[in-house]
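Undergrad: Provided below: input.pdb, containing PDB, C-alpha atoms.
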```
ATOM      1  CA  MET R 437      20.761   9.689 -11.468
ATOM      2  CA  GLN R 438      17.875   8.398 -13.553
ATOM      3  CA  GLY R 439      16.816   6.205 -10.649
ATOM      4  CA  VAL R 440      16.683   9.234  -8.345
ATOM      5  CA  ARG R 441      14.448  11.049 -10.832
ATOM      6  CA  HIS R 442      12.132   8.062 -11.036
ATOM      7  CA  PHE R 443      11.965   7.820  -7.243
ATOM      8  CA  LEU R 444      11.128  11.527  -6.853
ATOM      9  CA  LEU R 445       8.447  11.201  -9.524
ATOM     10  CA  ALA R 446       6.898   8.269  -7.666
ATOM     11  CA  LEU R 447       7.080  10.243  -4.417
ATOM     12  CA  GLN R 448       5.285  13.179  -6.026
ATOM     13  CA  PHE R 449       2.644  10.937  -7.609
ATOM     14  CA  PHE R 450       1.791   8.895  -4.508
ATOM     15  CA  THR R 451       2.168  11.433  -1.687
ATOM     16  CA  ARG R 452       1.479  15.078  -0.892
ATOM     17  CA  ILE R 453       5.213  15.780  -0.729
ATOM     18  CA  PRO R 454       5.822  18.526  -3.295
ATOM     19  CA  VAL R 455       8.523  18.330  -5.943
ATOM     20  CA  THR R 456       8.570  21.885  -7.257
ATOM     21  CA  GLY R 457      10.706  24.569  -8.815
ATOM     22  CA  GLY R 458      14.063  23.660 -10.254
ATOM     23  CA  LEU R 459      13.864  20.173  -8.749
ATOM     24  CA  ALA R 460      10.641  19.488 -10.633
ATOM     25  CA  GLN R 461      12.226  20.662 -13.864
ATOM     26  CA  TRP R 462      15.199  18.374 -13.263
ATOM     27  CA  VAL R 463      12.948  15.390 -12.493
ATOM     28  CA  GLY R 464      10.745  15.978 -15.529
ATOM     29  CA  TYR R 465       7.687  13.963 -16.494
ATOM     30  CA  SER R 466       6.485  11.639 -19.197
ATOM     31  CA  PRO R 467       4.145   8.641 -19.187
ATOM     32  CA  ALA R 468       7.166   6.416 -19.834
ATOM     33  CA  MET R 469       8.962   7.898 -16.820
ATOM     34  CA  LEU R 470       5.952   7.342 -14.571
ATOM     35  CA  ARG R 471       5.733   3.748 -15.746
ATOM     36  CA  ALA R 472       9.430   3.303 -15.011
ATOM     37  CA  SER R 473       8.920   4.839 -11.563
ATOM     38  CA  ALA R 474       6.557   2.014 -10.584
ATOM     39  CA  GLY R 475       9.507   0.009  -9.285
ATOM     40  CA  HIS R 476      10.017   2.704  -6.664
ATOM     41  CA  PHE R 477       6.577   2.196  -5.062
ATOM     42  CA  PRO R 478       8.215   0.348  -2.134
ATOM     43  CA  GLY R 479      10.685   3.227  -1.856
ATOM     44  CA  VAL R 480       7.750   5.579  -1.327
ATOM     45  CA  GLY R 481       6.692   3.163   1.398
ATOM     46  CA  TRP R 482       9.956   3.886   3.219
ATOM     47  CA  VAL R 483       9.060   7.574   3.365
ATOM     48  CA  VAL R 484       5.401   7.137   4.315
ATOM     49  CA  GLY R 485       6.220   4.330   6.741
ATOM     50  CA  ALA R 486       8.958   6.368   8.398
ATOM     51  CA  VAL R 487       6.512   9.197   9.096
ATOM     52  CA  GLY R 488       3.937   6.783  10.492
ATOM     53  CA  ALA R 489       6.545   4.948  12.577
ATOM     54  CA  LEU R 490       7.923   8.168  14.083
ATOM     55  CA  VAL R 491       4.438   9.386  14.987
ATOM     56  CA  LEU R 492       3.543   6.008  16.492
ATOM     57  CA  TRP R 493       6.755   5.761  18.518
ATOM     58  CA  GLY R 494       6.513   9.369  19.721
ATOM     59  CA  ALA R 495       2.842   9.078  20.664
ATOM     60  CA  LEU R 496       3.475   5.868  22.585
ATOM     61  CA  ARG R 497       6.233   7.640  24.521
ATOM     62  CA  VAL R 498       4.098  10.597  25.641
ATOM     63  CA  LEU R 499       0.614   9.102  26.002
ATOM     64  CA  PRO R 500      -0.495   7.152  29.070
ATOM     65  CA  GLY R 501       0.155   3.436  28.934
ATOM     66  CA  GLY R 502      -2.466   0.775  28.484
ATOM     67  CA  ALA R 503      -4.676  -0.373  25.655
ATOM     68  CA  LEU R 504      -6.434   2.950  25.179
ATOM     69  CA  GLY R 505      -3.170   4.883  24.982
ATOM     70  CA  ALA R 506      -1.834   2.422  22.393
ATOM     71  CA  LEU R 507      -5.047   2.753  20.369
ATOM     72  CA  VAL R 508      -4.828   6.556  20.367
ATOM     73  CA  ALA R 509      -1.179   6.368  19.285
ATOM     74  CA  ALA R 510      -2.136   4.024  16.439
ATOM     75  CA  ALA R 511      -4.866   6.460  15.419
ATOM     76  CA  PHE R 512      -2.426   9.383  15.267
ATOM     77  CA  SER R 513       0.022   7.299  13.232
ATOM     78  CA  THR R 514      -2.650   6.185  10.779
ATOM     79  CA  LEU R 515      -3.932   9.746  10.477
ATOM     80  CA  ALA R 516      -0.414  10.916   9.583
ATOM     81  CA  THR R 517       0.038   8.329   6.836
ATOM     82  CA  VAL R 518      -3.463   8.876   5.431
ATOM     83  CA  TRP R 519      -2.849  12.609   5.262
ATOM     84  CA  LEU R 520       0.582  12.163   3.696
ATOM     85  CA  THR R 521      -0.782   9.955   0.913
ATOM     86  CA  GLY R 522      -4.026  11.867   0.462
ATOM     87  CA  ALA R 523      -5.886   8.629   1.334
ATOM     88  CA  PHE R 524      -4.824   7.417  -2.108
ATOM     89  CA  HIS R 525      -4.851   3.714  -1.279
ATOM     90  CA  GLU R 526      -7.830   3.905   1.083
ATOM     91  CA  ASP R 527      -9.834   5.516  -1.717
ATOM     92  CA  GLY R 528      -8.849   2.624  -3.965
ATOM     93  CA  MET R 529     -10.017   0.129  -1.354
ATOM     94  CA  ALA R 530     -13.401   1.861  -1.036
ATOM     95  CA  ASP R 531     -13.933   2.096  -4.803
ATOM     96  CA  THR R 532     -12.902  -1.519  -5.316
ATOM     97  CA  ALA R 533     -15.296  -2.733  -2.625
ATOM     98  CA  ASP R 534     -18.135  -0.700  -4.124
ATOM     99  CA  GLY R 535     -17.464  -2.017  -7.623
ATOM    100  CA  LEU R 536     -17.026  -5.672  -6.736
ATOM    101  CA  GLY R 537     -19.687  -5.704  -4.049
ATOM    102  CA  GLY R 538     -22.351  -3.673  -5.809
ATOM    103  CA  ALA R 539     -22.299  -5.130  -9.316
ATOM    104  CA  VAL R 540     -22.775  -8.475 -11.014
ATOM    105  CA  THR R 541     -21.243  -7.762 -14.409
ATOM    106  CA  ARG R 542     -17.684  -6.704 -15.153
ATOM    107  CA  GLU R 543     -18.805  -3.611 -17.045
ATOM    108  CA  ARG R 544     -21.042  -2.406 -14.226
ATOM    109  CA  ALA R 545     -18.306  -3.003 -11.645
ATOM    110  CA  LEU R 546     -15.851  -0.889 -13.633
ATOM    111  CA  ALA R 547     -18.460   1.867 -14.024
ATOM    112  CA  ILE R 548     -19.180   1.929 -10.278
ATOM    113  CA  MET R 549     -15.476   2.121  -9.479
ATOM    114  CA  LYS R 550     -15.178   5.307 -11.564
ATOM    115  CA  ASP R 551     -17.950   6.981  -9.546
ATOM    116  CA  SER R 552     -16.467   9.378  -6.979
ATOM    117  CA  ARG R 553     -19.315   8.744  -4.536
ATOM    118  CA  ILE R 554     -18.825   6.119  -1.847
ATOM    119  CA  GLY R 555     -21.416   3.415  -1.338
ATOM    120  CA  THR R 556     -22.311   0.957   1.394
ATOM    121  CA  TYR R 557     -19.715  -1.643   0.427
ATOM    122  CA  GLY R 558     -16.993   0.988   0.158
ATOM    123  CA  ALA R 559     -17.853   2.570   3.499
ATOM    124  CA  ALA R 560     -17.958  -0.823   5.223
ATOM    125  CA  ALA R 561     -14.624  -1.886   3.727
ATOM    126  CA  LEU R 562     -12.979   1.413   4.673
ATOM    127  CA  VAL R 563     -14.223   1.290   8.260
ATOM    128  CA  LEU R 564     -13.224  -2.344   8.711
ATOM    129  CA  VAL R 565      -9.751  -1.918   7.215
ATOM    130  CA  LEU R 566      -8.998   1.178   9.296
ATOM    131  CA  ALA R 567     -10.372  -0.486  12.426
ATOM    132  CA  LEU R 568      -8.183  -3.539  11.842
ATOM    133  CA  LYS R 569      -5.104  -1.367  11.335
ATOM    134  CA  LEU R 570      -5.724   0.520  14.563
ATOM    135  CA  ALA R 571      -6.493  -2.587  16.585
ATOM    136  CA  LEU R 572      -3.542  -4.603  15.269
ATOM    137  CA  LEU R 573      -1.073  -1.736  15.694
ATOM    138  CA  ALA R 574      -2.279  -1.102  19.238
ATOM    139  CA  LEU R 575      -2.084  -4.817  20.069
ATOM    140  CA  LEU R 576       1.426  -5.033  18.631
ATOM    141  CA  ALA R 577       2.547  -2.013  20.650
ATOM    142  CA  GLN R 578       1.033  -3.463  23.811
ATOM    143  CA  GLU R 579       2.564  -6.891  23.381
ATOM    144  CA  ARG R 580       5.960  -6.081  21.814
ATOM    145  CA  GLY R 581       6.686  -2.445  22.655
ATOM    146  CA  ALA R 582       6.934   0.850  20.799
ATOM    147  CA  ALA R 583      10.162   0.131  18.929
ATOM    148  CA  VAL R 584       8.949  -3.189  17.512
ATOM    149  CA  ALA R 585       5.565  -1.734  16.533
ATOM    150  CA  ALA R 586       7.241   1.188  14.764
ATOM    151  CA  ALA R 587       9.641  -1.134  12.920
ATOM    152  CA  VAL R 588       6.848  -3.437  11.766
ATOM    153  CA  LEU R 589       4.739  -0.490  10.648
ATOM    154  CA  LEU R 590       7.646   0.844   8.587
ATOM    155  CA  ALA R 591       8.406  -2.528   6.997
ATOM    156  CA  GLY R 592       4.724  -3.151   6.334
ATOM    157  CA  HIS R 593       4.375   0.072   4.356
ATOM    158  CA  VAL R 594       7.313  -0.934   2.181
ATOM    159  CA  LEU R 595       6.396  -4.566   1.564
ATOM    160  CA  SER R 596       2.691  -3.903   1.007
ATOM    161  CA  ARG R 597       3.677  -1.551  -1.833
ATOM    162  CA  PHE R 598       5.680  -4.302  -3.501
ATOM    163  CA  ALA R 599       2.531  -6.399  -3.925
ATOM    164  CA  PRO R 600       0.898  -4.103  -6.567
ATOM    165  CA  LEU R 601       4.028  -4.448  -8.720
ATOM    166  CA  LEU R 602       3.524  -8.205  -8.906
ATOM    167  CA  LEU R 603      -0.188  -7.722  -9.596
ATOM    168  CA  MET R 604       0.651  -5.400 -12.500
ATOM    169  CA  ARG R 605       2.976  -8.048 -13.921
ATOM    170  CA  ALA R 606       0.372 -10.794 -13.594
ATOM    171  CA  LEU R 607      -2.764  -9.079 -14.939
ATOM    172  CA  PRO R 608      -3.633  -6.677 -17.768
ATOM    173  CA  TYR R 609      -4.912  -3.161 -17.156
ATOM    174  CA  VAL R 610      -8.674  -2.920 -17.662
ATOM    175  CA  GLY R 611      -9.466   0.585 -16.382
ATOM    176  CA  ASP R 612     -10.452   3.620 -18.389
ATOM    177  CA  ALA R 613      -7.033   4.446 -19.826
ATOM    178  CA  ASP R 614      -8.229   7.755 -21.294
ATOM    179  CA  GLY R 615      -9.682   9.140 -18.072
ATOM    180  CA  SER R 616      -7.588   7.548 -15.354
ATOM    181  CA  LYS R 617      -4.768   9.051 -13.348
ATOM    182  CA  SER R 618      -3.145   5.632 -13.641
ATOM    183  CA  LYS R 619      -3.175   5.671 -17.459
ATOM    184  CA  PRO R 620       0.655   5.490 -17.744
ATOM    185  CA  LEU R 621       0.551   2.293 -15.680
ATOM    186  CA  ALA R 622      -1.675   0.565 -18.225
ATOM    187  CA  ASP R 623       1.335  -1.163 -19.756
ATOM    188  CA  ALA R 624       3.019  -3.971 -17.859
ATOM    189  CA  VAL R 625       5.733  -3.034 -15.399
ATOM    190  CA  PRO R 626       9.096  -4.016 -16.896
ATOM    191  CA  ARG R 627      11.115  -6.722 -15.201
ATOM    192  CA  GLY R 628      13.660  -4.113 -14.235
ATOM    193  CA  GLY R 629      10.941  -2.337 -12.250
ATOM    194  CA  VAL R 630      10.214  -5.491 -10.283
ATOM    195  CA  LEU R 631      13.948  -5.865  -9.581
ATOM    196  CA  VAL R 632      14.062  -2.290  -8.253
ATOM    197  CA  GLY R 633      11.081  -3.100  -6.047
ATOM    198  CA  ILE R 634      12.874  -6.173  -4.712
ATOM    199  CA  LEU R 635      15.942  -4.108  -3.859
ATOM    200  CA  TRP R 636      13.778  -1.643  -1.914
ATOM    201  CA  SER R 637      11.970  -4.509  -0.161
ATOM    202  CA  ILE R 638      14.863  -6.705   1.005
ATOM    203  CA  PRO R 639      15.948  -4.316   3.808
ATOM    204  CA  ALA R 640      12.315  -4.083   4.967
ATOM    205  CA  LEU R 641      12.115  -7.871   5.200
ATOM    206  CA  ALA R 642      15.362  -7.912   7.169
ATOM    207  CA  LEU R 643      13.904  -5.285   9.506
ATOM    208  CA  MET R 644      10.882  -7.530  10.074
ATOM    209  CA  VAL R 645      13.139 -10.433  11.027
ATOM    210  CA  LEU R 646      15.102  -8.285  13.470
ATOM    211  CA  ALA R 647      11.957  -6.849  15.054
ATOM    212  CA  LEU R 648       9.746  -9.929  15.165
ATOM    213  CA  GLY R 649      11.880 -13.037  14.864
ATOM    214  CA  ALA R 650      11.404 -15.938  12.485
ATOM    215  CA  PHE R 651       7.907 -17.152  13.399
ATOM    216  CA  ASN R 652       6.049 -13.864  13.061
ATOM    217  CA  THR R 653       8.044 -12.828   9.986
ATOM    218  CA  VAL R 654       7.116 -16.081   8.247
ATOM    219  CA  ALA R 655       3.488 -15.659   9.363
ATOM    220  CA  ALA R 656       3.420 -12.087   8.054
ATOM    221  CA  ALA R 657       5.000 -13.147   4.748
ATOM    222  CA  LEU R 658       2.546 -16.015   4.286
ATOM    223  CA  LEU R 659      -0.477 -13.829   4.989
ATOM    224  CA  TRP R 660       0.945 -11.153   2.640
ATOM    225  CA  ALA R 661       1.210 -13.791  -0.085
ATOM    226  CA  LEU R 662      -2.307 -15.089   0.594
ATOM    227  CA  ALA R 663      -3.717 -11.561   0.421
ATOM    228  CA  LEU R 664      -1.934 -10.910  -2.870
ATOM    229  CA  LEU R 665      -2.989 -14.237  -4.394
ATOM    230  CA  GLY R 666      -6.549 -13.720  -3.170
ATOM    231  CA  MET R 667      -6.725 -10.277  -4.784
ATOM    232  CA  LYS R 668      -5.205 -11.592  -8.015
ATOM    233  CA  ARG R 669      -7.709 -14.446  -8.223
ATOM    234  CA  LEU R 670     -10.648 -12.173  -7.384
ATOM    235  CA  LEU R 671      -9.670  -9.532  -9.948
ATOM    236  CA  ALA R 672      -8.941 -12.104 -12.647
ATOM    237  CA  ARG R 673     -12.355 -13.683 -12.117
ATOM    238  CA  ARG R 674     -14.439 -10.529 -11.745
ATOM    239  CA  LEU R 675     -12.619  -7.942 -13.882
ATOM    240  CA  GLN R 676     -10.152  -9.971 -15.973
ATOM    241  CA  GLY R 677      -7.483  -7.458 -14.960
ATOM    242  CA  PHE R 678      -6.557  -4.604 -12.635
ATOM    243  CA  THR R 679      -7.358  -0.915 -12.321
ATOM    244  CA  GLY R 680      -5.652   1.853 -10.377
ATOM    245  CA  ASP R 681      -8.208   1.444  -7.588
ATOM    246  CA  THR R 682      -7.515  -2.272  -7.247
ATOM    247  CA  LEU R 683      -3.799  -1.569  -6.821
ATOM    248  CA  GLY R 684      -4.660   0.580  -3.801
ATOM    249  CA  ALA R 685      -6.960  -2.122  -2.470
ATOM    250  CA  THR R 686      -4.198  -4.706  -2.851
ATOM    251  CA  GLN R 687      -1.779  -2.523  -0.905
ATOM    252  CA  GLN R 688      -4.291  -2.115   1.912
ATOM    253  CA  ALA R 689      -5.107  -5.828   2.049
ATOM    254  CA  CYS R 690      -1.425  -6.796   2.183
ATOM    255  CA  GLU R 691      -0.653  -4.200   4.858
ATOM    256  CA  VAL R 692      -3.404  -5.499   7.142
ATOM    257  CA  ALA R 693      -2.372  -9.104   6.428
ATOM    258  CA  MET R 694       1.189  -8.379   7.524
ATOM    259  CA  LEU R 695       0.064  -6.668  10.715
ATOM    260  CA  LEU R 696      -2.074  -9.699  11.493
ATOM    261  CA  GLY R 697       0.890 -12.018  10.982
ATOM    262  CA  ALA R 698       2.989  -9.838  13.272
ATOM    263  CA  VAL R 699       0.671 -10.341  16.258
ATOM    264  CA  LEU R 700      -0.018 -14.061  15.903
ATOM    265  CA  VAL R 701       1.232 -16.334  18.685
ATOM    266  CA  TRP R 702       2.317 -19.956  18.466
ATOM    267  CA  PRO R 703      -0.586 -22.105  19.712
ATOM    268  CA  ALA R 704       0.059 -23.791  23.029
TER     269      ALA R 704
END
```
In structure tokens, write the structure found in this file.
TA:
Amino acid sequence: MQGVRHFLLALQFFTRIPVTGGLAQWVGYSPAMLRASAGHFPGVGWVVGAVGALVLWGALRVLPGGALGALVAAAFSTLATVWLTGAFHEDGMADTADGLGGAVTRERALAIMKDSRIGTYGAAALVLVLALKLALLALLAQERGAAVAAAVLLAGHVLSRFAPLLLMRALPYVGDADGSKSKPLADAVPRGGVLVGILWSIPALALMVLALGAFNTVAAALLWALALLGMKRLLARRLQGFTGDTLGATQQACEVAMLLGAVLVWPA
């Protein structure tokens, strides 16, 4: 039952879904518990992805066909997932872009990332990432159908949330541990947490294979890995570690990378 408590804590931390009353008392809270719940990040992706997939599939069923209808359906789906997570990861992407784009020194970058105001780099990154999500989802729905698009969206939410676990194992925490919501995550994720994340992620990978076939699954996996390695190298060079914001940015980068892999075609 400890695993269920950790999952519910992760769900409460990373979404708007309330865990209240007697259930909240049963779940409990401590920094050690939140750190242990990190392995359930991909499990949260199953919940968020399921909501987004249902909205996407339903919208595609009732909206007029064509590229514009698919784009509107993708917009509704993205809106649902952004609302459900409180734009948690999108905010991390914007703050990371502002910090890395608007500063030369490590110290200045970290200071900018703590600022709640959004700057030019953050706004540009947010617009581009959201635009890519909408365009790629709409293209996938147009080319492969509603069911495949919904399945890929669901799997992408799960697998993109596995990437931050590996980043947390590879790099030290360099954020403001005293003032950050992610303070309990400052210590490295235990190996057991990574194993839990793998167990959540294996069914999502199998779903990708069933929905897309071998070529696009391999393409999505390779681009996911490149996005993760690129973020790791960038953060190691610029910050010498990760912050809570950069975990959100990594999730967003890996999600877009997987959607891109899903729509690639074998060159003639």
Undergrad: If you apply the PyMOL selection byres ((chain R and resi 685-700) around 8) to this file, what residues do you get, as a ChimeraX atom specification?
TA: /R:525-526,528-530,532,565,568-569,572-573,575-576,588-589,592-593,595-597,599-600,648,652-661,663-664,667,681-684,701-702
Undergrad: Using only C-alpha atoms for the distances, tell me which of R:Met437, R:Val632, R:Leu607, R:Leu670 is nearest to R:Gly537.
TA: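 Ranked by minimum distance to R:Gly537, first place goes to R:Leu670.
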Undergrad: Which residues are near R:Leu507? Cut-off 10 Å, all atoms listed in the file, ignore same chain within fewer than 4 positions. Put them as a list of chain:residue names.
TA: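 The contact residues come out as R:Leu492, R:Leu496, R:Gly502, R:Ala503, R:Ala511, R:Phe512, R:Ser513, R:Lys569, R:Leu570, R:Ala571, R:Leu572, R:Leu573, R:Ala574, R:Leu575, R:Ala577, R:Gln578.
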Undergrad: With all atoms listed in the file as the counted atoms, please give the residues lying no more than 12 Å from R:Arg544, apart from itself and same-chain residues fewer than 5 positions off, as a VMD selection string.
TA: chain R and resid 534 to 539 549 to 551 674 to 675
Undergrad: R:Ala583, R:Leu662, R:Val563, R:Val540: which is nearest R:Arg497, counting all atoms listed in the file?
TA: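 Of all the options, R:Ala583 lies closest to R:Arg497.
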Undergrad: In Å, how far is it from atom CA of R:Leu590 to atom CA of R:Ala489?
TA: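 Here the two named atoms are 5.8 Å from each other.
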Undergrad: For the atom pair atom CA of R:Gly494 and atom CA of R:Ala586, what is the interatomic distance in Å to one decimal place?
TA: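 Taking atom CA of R:Gly494 and atom CA of R:Ala586, their separation equals 9.6 Å.
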Undergrad: Taking into account all atoms listed in the file, which residue in the set R:Tyr465, R:Arg580, R:Leu631, R:Ala640 is nearest to R:Val594?
TA: R:Ala640
Undergrad: How big is the axis-aligned box around all listed atoms of stretch 657-663 of chain R once 4 Å goes on each side, and where's its centre, in Å to one decimal, as lines of an AutoDock Vina configuration file?
TA:
```
center_x = 0.6
center_y = -13.6
center_z = 2.5
size_x = 16.7
size_y = 12.9
size_z = 13.1
```
Undergrad: For R:Arg553, which of R:Ala495, R:Asp531, R:Pro500, R:Gly628 is the closest residue, counting only C-alpha atoms?
TA: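 Of R:Ala495, R:Asp531, R:Pro500, R:Gly628, the one nearest R:Arg553 is R:Asp531, counting only C-alpha atoms.
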Undergrad: With all atoms listed in the file as the atoms that count, which of R:Leu445, R:Ile554, R:Ala474, R:Ala587 lies nearest to R:Gly488?
TA: R:Ala587
Undergrad: Smallest atom-to-atom distance to R:Pro454: which of R:Leu564, R:Leu504, R:Leu520, R:Leu602, using all atoms listed in the file?
TA: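 Counting all atoms listed in the file, the residue closest to R:Pro454 is R:Leu520.
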Undergrad: With 7 Å as the threshold, what does the neighbourhood of (9.7, 4.4, -8.8) contain in terms of residues, counting all atoms listed in the file? Coordinates are those of the file; answer as a PyMOL selection string.
TA: chain R and resi 442-443+445-446+472-477
Undergrad: I'd like the contact shell of R:Thr521 - 10 Å cut-off, only C-alpha atoms, skipping same-chain residues fewer than 5 positions apart - returned as a list in words.
TA: Leu447, Gln448, Phe449, Phe450, Thr451, Arg452, Ile453, Val480, Val484, Ala516 and Glu526 of chain R
Undergrad: Would you compute the distance between atom CA of R:Ala582 and atom CA of R:Trp493? Give it in Å to one decimal.
TA: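 So the two atoms, atom CA of R:Ala582 and atom CA of R:Trp493, lie 5.4 Å apart.
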Undergrad: Rebuild N, CA, C and O atoms on stretch 499-510 of chain R, as a CSV table (one decimal), in the coordinates of the input?
TA:
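out.csv written:
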```csv
chain,number,residue,atom,x,y,z
R,499,LEU,N,2.0,9.4,25.6
R,499,LEU,CA,0.6,9.1,26.0
R,499,LEU,C,0.6,8.1,27.2
R,499,LEU,O,1.6,7.4,27.4
R,500,PRO,N,-0.4,8.1,28.0
R,500,PRO,CA,-0.5,7.2,29.1
R,500,PRO,C,-0.5,5.7,28.5
R,500,PRO,O,-0.9,5.5,27.4
R,501,GLY,N,0.1,4.8,29.3
R,501,GLY,CA,0.2,3.4,28.9
R,501,GLY,C,-1.2,2.8,28.9
R,501,GLY,O,-2.2,3.4,29.3
R,502,GLY,N,-1.2,1.5,28.5
R,502,GLY,CA,-2.5,0.8,28.5
R,502,GLY,C,-3.0,0.7,27.1
R,502,GLY,O,-2.5,1.3,26.1
R,503,ALA,N,-4.1,-0.1,27.0
R,503,ALA,CA,-4.7,-0.4,25.7
R,503,ALA,C,-5.2,0.9,25.0
R,503,ALA,O,-5.1,1.1,23.8
R,504,LEU,N,-5.9,1.7,25.8
R,504,LEU,CA,-6.4,3.0,25.2
R,504,LEU,C,-5.3,3.9,24.7
R,504,LEU,O,-5.5,4.5,23.6
R,505,GLY,N,-4.3,4.0,25.4
R,505,GLY,CA,-3.2,4.9,25.0
R,505,GLY,C,-2.6,4.4,23.7
R,505,GLY,O,-2.2,5.1,22.8
R,506,ALA,N,-2.4,3.0,23.6
R,506,ALA,CA,-1.8,2.4,22.4
R,506,ALA,C,-2.8,2.6,21.2
R,506,ALA,O,-2.3,2.9,20.1
R,507,LEU,N,-4.1,2.6,21.4
R,507,LEU,CA,-5.0,2.8,20.4
R,507,LEU,C,-5.0,4.2,19.9
R,507,LEU,O,-5.1,4.4,18.6
R,508,VAL,N,-4.9,5.1,20.8
R,508,VAL,CA,-4.8,6.6,20.4
R,508,VAL,C,-3.6,6.8,19.6
R,508,VAL,O,-3.6,7.5,18.6
R,509,ALA,N,-2.4,6.2,20.0
R,509,ALA,CA,-1.2,6.4,19.3
R,509,ALA,C,-1.3,5.8,17.9
R,509,ALA,O,-0.8,6.4,16.9
R,510,ALA,N,-1.9,4.6,17.8
R,510,ALA,CA,-2.1,4.0,16.4
R,510,ALA,C,-3.0,4.9,15.6
R,510,ALA,O,-2.8,5.0,14.3
```
